[in-house]
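Structure first, commentary second.
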Amino acid sequence: MRRLRALVCGAAASALAAAGLTALLPASASGAESATLDKRWYAAAPYLMPLDNDPPSATAIMDASGLKAFQLAFILAPNGGGCSPTWDGTAPVSSDTAVGSVISAIRAKGGDVSVSIGGYGGTKLGQACSDAASTAAAYQQVITKYQLKAIDFDLEEPEYENTAAIAREIGAAKILQKNNPGLYVSVTTAGTADGTGWFGKQMLNEAKAQGFTPDNFSIMPFDGGFNGAASQTAALTAFNGVLRSTFGWSEATAYAHEGFSGMNGRSDTGEYFNQADFQTVLDYTTAHGMARFTFWSLNRDRQCSPADNGGRTSGTCSSVPQSAWDFAKFSVKFAGATPPTNPPTDPTDPPTDPGTGQCTAGAWSASAVYVKGDKVTQDGHTWEAKWWTTNEKPGTTGEWGAWQDDGPC
């Protein structure tokens, strides 16, 4: 899975401050009680980078979409070397407070998190640690600190081309599964037209050889010549055959251990997956009793500015027309819940005076996305957007904000 880390990678503290996440609750999640969620929520949890790619407010997403679970990314070995867990290779888990506060805020609203290991790029702990036991011990630090009930092994390039590293990752996953009863474990790898490629199949063979069965094996059918939902469901069908032939499972058993991990909007290779594609794949997964439906990423689950919309892949927006958190709602549906039809708006907004008859623009909404030229009514004035904006209340940011005051209406 292409992670787009380099597109918007500011300092962790400043990114969290911009997202309003730093001072929500006590700084460490190590003592926070993990919520009790149905495992289906962990299977539905979309990926969220809490330190990079302009992290959105997790609690705002919960309010607007009904989402309860997040897949936080990524745990890596330190960039300078060593067998200890860090966030993105730079922030040691042992001294973390920033991600801990995000987890505490999510749990305070009745949600929970899984943590994802690996991803595309960086040095993985399976590459840095000497054996499966030391790899597992590093991951156990993450589980213990954040009191995790779920974890994801995202095994892809370049690590999954290293057979020794993959053997250590699978061995570590098996150890963690044994030592943490009830731990939800997902394994995510690259998708191809025939399900998964040679390295993905070798990873499955390693799991079989070690006698390891996670809650699911998920593929990522994008960045490989895919074109819309039909090509993705064809890959899922093919992957079902790979699981059957590898493990000797029936079709139904294979689907019950199979997952989908998509990419919302424009992929790294210029493929496009819109809301209709997600609905088609969601229908496929539920019809076949599949075990997981997730996507990369919530950082991208919002509309780009007009200048960014069609020309490039972004780590912070989808490059397709959408309302904020449209794609998160498909995860909510997979979990068996119903997204809210009227997401909450700013409760402090005074009602627009209906007696003037001259305020023709719609009332401003904190959950809506606006582009240049859009007009809204707020505090008895008409406001015009100067550029793309969301959740910026007109009149609160002065002349440097996104809104131009067109006067009273």
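In the structure tokens, chains take the letters A, B, ... in the order shown, each chain's residues start at 1, and ligands count up from 1 in the order shown.
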Applying 6 Å and only C-alpha atoms, which residues near A:Cys317 remain after dropping the ones on its own chain fewer than 5 positions away? List them as a JSON list (two decimals) with N, CA and C atoms, in the first residue's frame.
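This is the output file out32.json:
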[["chain", "number", "residue", "atom", "x", "y", "z"],
["A", 300, "ARG", "N", -7.30, 11.01, 3.89],
["A", 300, "ARG", "CA", -7.65, 11.34, 2.52],
["A", 300, "ARG", "C", -9.17, 11.45, 2.32],
["A", 301, "ASP", "N", -9.95, 11.21, 3.37],
["A", 301, "ASP", "CA", -11.40, 11.13, 3.21],
["A", 301, "ASP", "C", -12.05, 12.51, 3.29],
["A", 302, "ARG", "N", -11.63, 13.39, 2.39],
["A", 302, "ARG", "CA", -12.16, 14.75, 2.30],
["A", 302, "ARG", "C", -11.79, 15.28, 0.92],
["A", 303, "GLN", "N", -12.55, 16.25, 0.47],
["A", 303, "GLN", "CA", -12.36, 16.75, -0.88],
["A", 303, "GLN", "C", -11.16, 17.69, -0.96],
["A", 304, "CYS", "N", -10.45, 17.61, -2.08],
["A", 304, "CYS", "CA", -9.30, 18.50, -2.29],
["A", 304, "CYS", "C", -9.78, 19.88, -2.69]]
Open item on the list: Residues within 12 Å of A:Asp283, please, as an MDAnalysis selection string. Count only C-alpha atoms; anything in the same chain fewer than 4 positions from it doesn't count.
Closed with: chainID A and resid 229:230 233 260 276:279 287:290 293 330:331 333:334
Task: Secondary structure check, strand (DSSP E) residues of stretch 38-192 of chain A, as a PyMOL selection string - done: chain A and resi 47-48+69-76+86-87+91-92+112-118+150-154+184-190
Please list as a tab-separated table (two decimals) with N, CA and C atoms, in the first residue's frame every residue within 12 Å of A:Ala402, counting only C-alpha atoms and excluding residues in the same chain fewer than 3 positions away.
chain	number	residue	atom	x	y	z
A	305	SER	N	-8.87	20.84	-2.65
A	305	SER	CA	-9.13	22.14	-3.24
A	305	SER	C	-9.23	21.97	-4.75
A	369	VAL	N	-18.29	20.66	3.05
A	369	VAL	CA	-17.09	21.09	2.34
A	369	VAL	C	-17.48	22.19	1.36
A	370	TYR	N	-16.76	23.31	1.37
A	370	TYR	CA	-17.05	24.43	0.49
A	370	TYR	C	-15.85	24.71	-0.41
A	371	VAL	N	-16.11	25.15	-1.62
A	371	VAL	CA	-15.06	25.53	-2.56
A	371	VAL	C	-15.23	26.99	-2.93
A	372	LYS	N	-14.24	27.53	-3.62
A	372	LYS	CA	-14.24	28.94	-3.98
A	372	LYS	C	-15.54	29.34	-4.67
A	373	GLY	N	-16.15	30.42	-4.19
A	373	GLY	CA	-17.39	30.92	-4.79
A	373	GLY	C	-18.65	30.47	-4.08
A	374	ASP	N	-18.56	29.42	-3.25
A	374	ASP	CA	-19.74	28.98	-2.50
A	374	ASP	C	-20.14	30.06	-1.50
A	375	LYS	N	-21.46	30.23	-1.34
A	375	LYS	CA	-21.97	31.24	-0.40
A	375	LYS	C	-22.81	30.58	0.68
A	383	TRP	N	-21.69	35.11	3.35
A	383	TRP	CA	-20.24	34.88	3.29
A	383	TRP	C	-19.92	34.08	2.04
A	384	GLU	N	-18.80	34.44	1.39
A	384	GLU	CA	-18.38	33.76	0.17
A	384	GLU	C	-17.01	33.11	0.40
A	385	ALA	N	-16.90	31.81	0.05
A	385	ALA	CA	-15.64	31.09	0.23
A	385	ALA	C	-14.58	31.59	-0.75
A	386	LYS	N	-13.39	31.85	-0.24
A	386	LYS	CA	-12.28	32.29	-1.08
A	386	LYS	C	-11.46	31.12	-1.63
A	387	TRP	N	-11.59	29.97	-0.98
A	387	TRP	CA	-10.92	28.74	-1.42
A	387	TRP	C	-11.60	27.57	-0.71
A	388	TRP	N	-11.09	26.36	-0.94
A	388	TRP	CA	-11.66	25.16	-0.30
A	388	TRP	C	-11.56	25.29	1.21
A	389	THR	N	-12.63	24.92	1.89
A	389	THR	CA	-12.62	24.98	3.34
A	389	THR	C	-13.65	24.03	3.93
A	390	THR	N	-13.42	23.59	5.12
A	390	THR	CA	-14.40	22.83	5.88
A	390	THR	C	-14.16	23.09	7.36
A	391	ASN	N	-15.23	23.17	8.12
A	391	ASN	CA	-15.18	23.35	9.57
A	391	ASN	C	-14.47	24.63	10.00
A	392	GLU	N	-14.46	25.65	9.12
A	392	GLU	CA	-13.97	26.97	9.50
A	392	GLU	C	-15.16	27.92	9.54
A	393	LYS	N	-15.56	28.32	10.72
A	393	LYS	CA	-16.76	29.12	10.88
A	393	LYS	C	-16.54	30.54	10.36
A	394	PRO	N	-17.41	31.02	9.49
A	394	PRO	CA	-17.27	32.39	8.97
A	394	PRO	C	-17.23	33.42	10.09
A	395	GLY	N	-16.32	34.38	9.94
A	395	GLY	CA	-16.24	35.46	10.90
A	395	GLY	C	-15.34	35.20	12.08
A	396	THR	N	-14.72	34.02	12.15
A	396	THR	CA	-13.90	33.69	13.32
A	396	THR	C	-12.41	33.79	13.04
A	397	THR	N	-12.02	33.97	11.78
A	397	THR	CA	-10.59	33.95	11.44
A	397	THR	C	-10.11	35.24	10.79
A	398	GLY	N	-10.95	36.25	10.76
A	398	GLY	CA	-10.53	37.55	10.24
A	398	GLY	C	-10.28	37.55	8.75
A	399	GLU	N	-9.55	38.57	8.29
A	399	GLU	CA	-9.36	38.76	6.85
A	399	GLU	C	-8.48	37.67	6.23
A	405	ASP	N	-16.69	38.40	3.84
A	405	ASP	CA	-17.99	38.89	4.29
A	405	ASP	C	-18.60	39.77	3.19
- [ ] Mind listing the alpha helix (DSSP H) residues of stretch 244-313 of chain A, per DSSP on the backbone, as a PyMOL selection string?
- [x] chain A and resi 244-247+251-255+275-287
Task: Spatial neighbours of A:Leu72, 7 Å, only C-alpha atoms, chain gap at least 3 places, as a PyMOL selection string - done: chain A and resi 47-50+113-116
Task: Option closest in space to A:Ile151, from A:Cys83, A:Thr90, A:Phe239, A:Ala45 [counting only C-alpha atoms] - done: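 Comparing A:Cys83, A:Thr90, A:Phe239, A:Ala45 against A:Ile151, the winner is A:Ala45.
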Open item on the list: So that I can see what lies close to A:Ala234, please list as a PyMOL selection string the residues with an atom at most 10 Å from it, counting only C-alpha atoms and leaving out residues fewer than 3 positions away in the same chain.
Closed with: chain A and resi 192-195+221+229-231+237-240
Using C-alpha atoms, can you export the residues from the last selection as a compact mmCIF listing (two decimals), in the first residue's frame?
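Result file follows (part.txt):
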# COMPACT_ATOMS: atom_id res chain seq x y z
CA THR A 192 -3.07 -8.40 -7.96
CA ALA A 193 -5.47 -9.52 -10.66
CA ASP A 194 -4.95 -13.15 -9.59
CA GLY A 195 -5.48 -12.32 -5.92
CA PRO A 221 -6.50 -4.35 -4.92
CA ALA A 229 -14.96 -2.08 -8.53
CA ALA A 230 -15.35 -4.88 -11.07
CA SER A 231 -11.59 -5.44 -11.23
CA THR A 237 -12.69 -13.91 -6.06
CA ALA A 238 -9.24 -14.97 -7.26
CA PHE A 239 -7.77 -14.48 -3.79
CA ASN A 240 -10.46 -16.74 -2.37
